[in-house]
Amino acid sequence: AARLRFAKLRHQATPEDVDYRADRGLDRALFMKLLGGDWINAHDNLAICGPSGVGKSWLACALGHKACRDDRSVLYQRVPRLFAQLALARGDGRYAACNEPWAMYQLLILDDWGLGPLNEQARHDLLEILEDRYGRKSTIITSQLPVSAWHGVIGDPTYADAILDRLVHNAHRIELSGDSLRRNLPRKA
């Protein structure tokens, strides 16, 4: 319970609630294997890509929930908010203290990657986070963009090569498709 509180998962998703019947291209065997957690022990990463509303964040949180159950430290963070926090910390002198904790979590979930192009500082911050984690910890990244488009979002070719080498080199991939699952949710009055 304490691990779940500290993880700050966006969704109260559990592995038992994953809907494999939804037409979104989720490979049940692969997802069940990922729930086992061996990829976290191996310090691999996971990229979950697909259009808006197909459950990328929800699936990432279900994996995070299972990791918490397995007594692993987890932190969920939306990428746009992460960069805003780091920029604010840089402005008020807390950057070093704010940047250090990313390396300590066994699983870091970076949600909503690639919503907009990265500026110079965001590229640098992301590279530092991934460098501290590479080969030591695991990262889940969710994106509406396919991995092939990530280079363009990063912008600078040198940074893009370095970031993608640390992120995608040892990453499992889930490619989702289909219509938004939010259409089936009941509307609130």
# chains A, B, ... in the order shown; residues from 1 in each chain; ligands from 1
>>> select_by_dssp(residues="segment 83-186 of chain A", states="alpha helix (DSSP H)", output="ChimeraX atom specification")
/A:83-92,95-99,120-133,150-154,157-168
>>> residues_around(residues="segment 109-115 of chain A", least_positions_apart="6", cutoff="8 Å", atoms="only C-alpha atoms", output="PyMOL selection string")
chain A and resi 57+60-61+64+74-80+139-145+150+153
>>> write_last_selection(atoms="all heavy atoms", output="compact mmCIF listing (two decimals), in the first residue's frame")
# COMPACT_ATOMS: atom_id res chain seq x y z
N SER A 57 -1.79 4.56 -21.01
CA SER A 57 -1.52 4.98 -19.62
C SER A 57 -2.08 3.96 -18.64
O SER A 57 -1.45 3.65 -17.63
CB SER A 57 -2.15 6.35 -19.34
OG SER A 57 -1.64 7.31 -20.22
N ALA A 60 0.18 0.96 -18.57
CA ALA A 60 1.41 1.30 -17.85
C ALA A 60 1.17 1.31 -16.35
O ALA A 60 2.00 0.82 -15.57
CB ALA A 60 1.94 2.65 -18.33
N CYS A 61 0.03 1.86 -15.93
CA CYS A 61 -0.29 1.88 -14.50
C CYS A 61 -0.56 0.48 -13.95
O CYS A 61 -0.22 0.19 -12.80
CB CYS A 61 -1.47 2.81 -14.23
SG CYS A 61 -1.03 4.56 -14.40
N GLY A 64 2.74 -0.86 -13.36
CA GLY A 64 3.28 -0.20 -12.18
C GLY A 64 2.66 -0.75 -10.90
O GLY A 64 3.35 -0.95 -9.89
N VAL A 74 8.29 2.42 -7.56
CA VAL A 74 7.71 2.88 -8.82
C VAL A 74 7.37 4.36 -8.69
O VAL A 74 6.94 4.81 -7.63
CB VAL A 74 6.42 2.08 -9.16
CG1 VAL A 74 5.76 2.59 -10.43
CG2 VAL A 74 6.72 0.59 -9.25
N LEU A 75 7.51 5.10 -9.80
CA LEU A 75 7.04 6.47 -9.84
C LEU A 75 6.42 6.72 -11.21
O LEU A 75 7.01 6.39 -12.24
CB LEU A 75 8.17 7.48 -9.61
CG LEU A 75 7.74 8.95 -9.65
CD1 LEU A 75 6.81 9.27 -8.47
CD2 LEU A 75 8.93 9.87 -9.66
N TYR A 76 5.22 7.29 -11.19
CA TYR A 76 4.51 7.70 -12.40
C TYR A 76 4.71 9.20 -12.58
O TYR A 76 4.57 9.97 -11.63
CB TYR A 76 3.02 7.39 -12.28
CG TYR A 76 2.18 8.00 -13.36
CD1 TYR A 76 1.87 7.27 -14.50
CD2 TYR A 76 1.69 9.29 -13.25
CE1 TYR A 76 1.11 7.82 -15.51
CE2 TYR A 76 0.93 9.85 -14.26
CZ TYR A 76 0.64 9.12 -15.39
OH TYR A 76 -0.12 9.68 -16.38
N GLN A 77 5.00 9.62 -13.82
CA GLN A 77 5.17 11.04 -14.10
C GLN A 77 4.75 11.32 -15.54
O GLN A 77 5.19 10.64 -16.46
CB GLN A 77 6.65 11.42 -13.92
CG GLN A 77 6.95 12.87 -14.09
CD GLN A 77 6.45 13.71 -12.94
OE1 GLN A 77 6.77 13.46 -11.80
NE2 GLN A 77 5.66 14.72 -13.23
N ARG A 78 3.90 12.32 -15.72
CA ARG A 78 3.58 12.79 -17.07
C ARG A 78 4.77 13.61 -17.57
O ARG A 78 5.29 14.45 -16.86
CB ARG A 78 2.31 13.64 -17.08
CG ARG A 78 1.05 12.82 -16.93
CD ARG A 78 -0.21 13.62 -17.19
NE ARG A 78 -0.26 14.04 -18.59
CZ ARG A 78 -0.19 15.32 -18.99
NH1 ARG A 78 -0.06 16.30 -18.11
NH2 ARG A 78 -0.24 15.62 -20.28
N VAL A 79 5.19 13.35 -18.79
CA VAL A 79 6.38 14.00 -19.33
C VAL A 79 6.24 15.53 -19.37
O VAL A 79 7.17 16.23 -18.95
CB VAL A 79 6.75 13.41 -20.72
CG1 VAL A 79 7.85 14.21 -21.38
CG2 VAL A 79 7.15 11.95 -20.56
N PRO A 80 5.11 16.09 -19.85
CA PRO A 80 5.03 17.55 -19.85
C PRO A 80 5.18 18.16 -18.45
O PRO A 80 5.85 19.19 -18.28
CB PRO A 80 3.63 17.84 -20.42
CG PRO A 80 3.29 16.62 -21.21
CD PRO A 80 3.94 15.48 -20.48
N THR A 139 12.32 1.70 -17.38
CA THR A 139 11.46 2.83 -17.69
C THR A 139 10.36 2.39 -18.64
O THR A 139 10.64 1.68 -19.61
CB THR A 139 12.28 3.97 -18.34
OG1 THR A 139 13.35 4.34 -17.47
CG2 THR A 139 11.41 5.18 -18.62
N ILE A 140 9.14 2.80 -18.35
CA ILE A 140 8.03 2.64 -19.29
C ILE A 140 7.77 4.02 -19.87
O ILE A 140 7.68 5.00 -19.14
CB ILE A 140 6.74 2.14 -18.61
CG1 ILE A 140 6.91 0.74 -18.04
CG2 ILE A 140 5.56 2.16 -19.60
CD1 ILE A 140 5.69 0.23 -17.26
N ILE A 141 7.62 4.08 -21.17
CA ILE A 141 7.28 5.34 -21.82
C ILE A 141 6.06 5.10 -22.70
O ILE A 141 6.00 4.11 -23.41
CB ILE A 141 8.49 5.90 -22.60
CG1 ILE A 141 8.27 7.34 -22.99
CG2 ILE A 141 8.85 5.04 -23.77
CD1 ILE A 141 9.55 8.10 -23.31
N THR A 142 5.06 5.97 -22.58
CA THR A 142 3.87 5.86 -23.42
C THR A 142 3.85 7.04 -24.39
O THR A 142 4.26 8.14 -24.04
CB THR A 142 2.57 5.87 -22.60
OG1 THR A 142 2.33 7.16 -22.07
CG2 THR A 142 2.61 4.83 -21.47
N SER A 143 3.36 6.77 -25.60
CA SER A 143 3.34 7.82 -26.61
C SER A 143 2.27 7.55 -27.65
O SER A 143 2.03 6.40 -28.01
CB SER A 143 4.70 7.91 -27.30
OG SER A 143 4.70 8.92 -28.29
N GLN A 144 1.68 8.63 -28.14
CA GLN A 144 0.77 8.52 -29.27
C GLN A 144 1.54 8.33 -30.57
O GLN A 144 0.97 7.90 -31.57
CB GLN A 144 -0.10 9.77 -29.39
CG GLN A 144 -1.07 9.93 -28.23
CD GLN A 144 -1.92 11.17 -28.39
OE1 GLN A 144 -2.27 11.55 -29.50
NE2 GLN A 144 -2.23 11.81 -27.28
N LEU A 145 2.81 8.65 -30.55
CA LEU A 145 3.64 8.55 -31.75
C LEU A 145 4.35 7.21 -31.82
O LEU A 145 4.78 6.67 -30.78
CB LEU A 145 4.71 9.65 -31.73
CG LEU A 145 4.22 11.09 -31.68
CD1 LEU A 145 5.40 12.03 -31.51
CD2 LEU A 145 3.42 11.42 -32.93
N TRP A 150 10.00 9.43 -32.95
CA TRP A 150 10.57 10.04 -31.75
C TRP A 150 11.80 10.89 -32.06
O TRP A 150 12.05 11.88 -31.39
CB TRP A 150 10.90 8.98 -30.72
CG TRP A 150 9.69 8.33 -30.11
CD1 TRP A 150 8.38 8.53 -30.46
CD2 TRP A 150 9.68 7.37 -29.07
NE1 TRP A 150 7.56 7.74 -29.69
CE2 TRP A 150 8.33 7.02 -28.83
CE3 TRP A 150 10.67 6.75 -28.33
CZ2 TRP A 150 7.96 6.10 -27.87
CZ3 TRP A 150 10.30 5.83 -27.37
CH2 TRP A 150 8.96 5.50 -27.14
N VAL A 153 10.78 14.42 -32.71
CA VAL A 153 10.29 15.14 -31.53
C VAL A 153 11.46 15.67 -30.71
O VAL A 153 11.41 16.77 -30.17
CB VAL A 153 9.38 14.24 -30.66
CG1 VAL A 153 9.06 14.89 -29.34
CG2 VAL A 153 8.11 13.89 -31.41
>>> residues_around(residues="segment 124-130 of chain A", least_positions_apart="2", cutoff="8 Å", atoms="only C-alpha atoms", output="PyMOL selection string")
chain A and resi 83+86+99+102-103+120-122+132-134+159+162-163+166-167
>>> select_by_dssp(residues="segment 28-133 of chain A", states="strand (DSSP E)", output="ChimeraX atom specification")
/A:45-49,74-78,107-113
>>> residues_around(residues="His172 of chain A", least_positions_apart="5", cutoff="9 Å", atoms="only C-alpha atoms", output="list in words")
Leu34, Trp39, Asp44, Asn45, Leu46, Ala47 and Ile48 of chain A
>>> residues_around(residues="Ser177 of chain A", least_positions_apart="2", cutoff="8 Å", atoms="only C-alpha atoms", output="count of residues only")
8
>>> closest_residue(among="A:Ala89, A:Leu107, A:Ala171, A:Val147", to="Asn41 of chain A", atoms="only C-alpha atoms")
A:Leu107
>>> residues_around(residues="Gln106 of chain A", least_positions_apart="3", cutoff="7 Å", atoms="only C-alpha atoms", output="NGL selection string")
:A and (72-74 or 137-138)
>>> write_last_selection(atoms="N, CA, C and O atoms", output="PDB file, in the first residue's frame")
ATOM      1  N   ARG A  72       8.568  -3.423  -5.550  1.00  0.00           N
ATOM      2  CA  ARG A  72       9.496  -2.597  -6.315  1.00  0.00           C
ATOM      3  C   ARG A  72       9.089  -1.134  -6.158  1.00  0.00           C
ATOM      4  O   ARG A  72       7.918  -0.807  -6.054  1.00  0.00           O
ATOM      5  N   SER A  73      10.061  -0.255  -6.190  1.00  0.00           N
ATOM      6  CA  SER A  73       9.770   1.181  -6.118  1.00  0.00           C
ATOM      7  C   SER A  73       9.380   1.668  -7.511  1.00  0.00           C
ATOM      8  O   SER A  73      10.037   1.354  -8.499  1.00  0.00           O
ATOM      9  N   VAL A  74       8.288   2.424  -7.561  1.00  0.00           N
ATOM     10  CA  VAL A  74       7.713   2.884  -8.824  1.00  0.00           C
ATOM     11  C   VAL A  74       7.365   4.359  -8.693  1.00  0.00           C
ATOM     12  O   VAL A  74       6.936   4.813  -7.629  1.00  0.00           O
ATOM     13  N   LYS A 137      18.038   0.524 -14.064  1.00  0.00           N
ATOM     14  CA  LYS A 137      16.614   0.592 -13.712  1.00  0.00           C
ATOM     15  C   LYS A 137      15.791   0.503 -14.992  1.00  0.00           C
ATOM     16  O   LYS A 137      16.324   0.621 -16.094  1.00  0.00           O
ATOM     17  N   SER A 138      14.483   0.333 -14.844  1.00  0.00           N
ATOM     18  CA  SER A 138      13.597   0.205 -16.000  1.00  0.00           C
ATOM     19  C   SER A 138      12.694   1.420 -16.134  1.00  0.00           C
ATOM     20  O   SER A 138      12.324   2.049 -15.142  1.00  0.00           O
TER      21      SER A 138
END
>>> closest_residue(among="A:Gly55, A:Gly178, A:Gly37, A:Pro117", to="His151 of chain A", atoms="only C-alpha atoms")
A:Pro117
>>> atom_distance(atom1="atom CA of Leu35 of chain A", atom2="atom CA of Leu108 of chain A")
15.2 Å
>>> residues_around(residues="Phe31 of chain A", least_positions_apart="2", cutoff="10 Å", atoms="only C-alpha atoms", output="PDB file with N, CA, C and O atoms, in the first residue's frame")
ATOM      1  N   PRO A  15      -3.619  -5.543 -12.774  1.00  0.00           N
ATOM      2  CA  PRO A  15      -3.443  -6.552 -13.828  1.00  0.00           C
ATOM      3  C   PRO A  15      -4.711  -7.384 -14.057  1.00  0.00           C
ATOM      4  O   PRO A  15      -4.999  -7.774 -15.187  1.00  0.00           O
ATOM      5  N   VAL A  18      -7.265  -5.907 -16.718  1.00  0.00           N
ATOM      6  CA  VAL A  18      -6.897  -5.674 -18.115  1.00  0.00           C
ATOM      7  C   VAL A  18      -7.894  -6.387 -19.024  1.00  0.00           C
ATOM      8  O   VAL A  18      -8.178  -7.571 -18.853  1.00  0.00           O
ATOM      9  N   TYR A  20      -8.548  -7.909 -22.354  1.00  0.00           N
ATOM     10  CA  TYR A  20      -7.874  -8.435 -23.540  1.00  0.00           C
ATOM     11  C   TYR A  20      -8.845  -8.581 -24.711  1.00  0.00           C
ATOM     12  O   TYR A  20      -8.428  -8.870 -25.822  1.00  0.00           O
ATOM     13  N   LEU A  26      -3.651  -5.691 -28.370  1.00  0.00           N
ATOM     14  CA  LEU A  26      -2.826  -6.049 -27.213  1.00  0.00           C
ATOM     15  C   LEU A  26      -2.538  -7.546 -27.237  1.00  0.00           C
ATOM     16  O   LEU A  26      -3.456  -8.362 -27.214  1.00  0.00           O
ATOM     17  N   ASP A  27      -1.278  -7.883 -27.271  1.00  0.00           N
ATOM     18  CA  ASP A  27      -0.832  -9.281 -27.268  1.00  0.00           C
ATOM     19  C   ASP A  27      -0.875  -9.794 -25.825  1.00  0.00           C
ATOM     20  O   ASP A  27      -0.047  -9.408 -24.996  1.00  0.00           O
ATOM     21  N   ARG A  28      -1.832 -10.662 -25.537  1.00  0.00           N
ATOM     22  CA  ARG A  28      -2.034 -11.151 -24.173  1.00  0.00           C
ATOM     23  C   ARG A  28      -0.796 -11.876 -23.643  1.00  0.00           C
ATOM     24  O   ARG A  28      -0.394 -11.669 -22.490  1.00  0.00           O
ATOM     25  N   ALA A  29      -0.196 -12.713 -24.461  1.00  0.00           N
ATOM     26  CA  ALA A  29       0.980 -13.475 -24.012  1.00  0.00           C
ATOM     27  C   ALA A  29       2.121 -12.525 -23.637  1.00  0.00           C
ATOM     28  O   ALA A  29       2.781 -12.718 -22.604  1.00  0.00           O
ATOM     29  N   LYS A  33       3.643 -11.874 -19.842  1.00  0.00           N
ATOM     30  CA  LYS A  33       5.089 -12.017 -19.597  1.00  0.00           C
ATOM     31  C   LYS A  33       5.632 -10.762 -18.927  1.00  0.00           C
ATOM     32  O   LYS A  33       6.419 -10.845 -17.979  1.00  0.00           O
ATOM     33  N   LEU A  34       5.211  -9.581 -19.397  1.00  0.00           N
ATOM     34  CA  LEU A  34       5.657  -8.328 -18.787  1.00  0.00           C
ATOM     35  C   LEU A  34       5.188  -8.218 -17.340  1.00  0.00           C
ATOM     36  O   LEU A  34       5.918  -7.705 -16.483  1.00  0.00           O
ATOM     37  N   LEU A  35       3.992  -8.704 -17.048  1.00  0.00           N
ATOM     38  CA  LEU A  35       3.491  -8.685 -15.668  1.00  0.00           C
ATOM     39  C   LEU A  35       4.367  -9.517 -14.741  1.00  0.00           C
ATOM     40  O   LEU A  35       4.454  -9.234 -13.544  1.00  0.00           O
ATOM     41  N   GLY A  36       5.053 -10.525 -15.297  1.00  0.00           N
ATOM     42  CA  GLY A  36       5.959 -11.350 -14.493  1.00  0.00           C
ATOM     43  C   GLY A  36       7.130 -10.560 -13.928  1.00  0.00           C
ATOM     44  O   GLY A  36       7.684 -10.912 -12.890  1.00  0.00           O
ATOM     45  N   LEU A  59      -2.562   0.715 -19.108  1.00  0.00           N
ATOM     46  CA  LEU A  59      -1.720  -0.481 -19.101  1.00  0.00           C
ATOM     47  C   LEU A  59      -0.406  -0.226 -18.360  1.00  0.00           C
ATOM     48  O   LEU A  59       0.072  -1.086 -17.610  1.00  0.00           O
ATOM     49  N   LEU A  63       0.929  -2.217 -14.978  1.00  0.00           N
ATOM     50  CA  LEU A  63       2.275  -2.773 -14.791  1.00  0.00           C
ATOM     51  C   LEU A  63       2.942  -2.163 -13.561  1.00  0.00           C
ATOM     52  O   LEU A  63       3.632  -2.853 -12.801  1.00  0.00           O
ATOM     53  N   ILE A 174       4.978  -2.446 -27.138  1.00  0.00           N
ATOM     54  CA  ILE A 174       3.571  -2.766 -27.322  1.00  0.00           C
ATOM     55  C   ILE A 174       3.019  -1.707 -28.267  1.00  0.00           C
ATOM     56  O   ILE A 174       3.055  -0.519 -27.955  1.00  0.00           O
TER      57      ILE A 174
END
>>> atom_distance(atom1="atom CA of Ile40 of chain A", atom2="atom CA of Leu176 of chain A")
21.3 Å
>>> atom_distance(atom1="atom CA of Thr14 of chain A", atom2="atom CA of Met32 of chain A")
12.4 Å
>>> closest_residue(among="A:Met104, A:Arg173, A:Arg94, A:Asp161", to="Arg123 of chain A", atoms="only C-alpha atoms")
A:Asp161
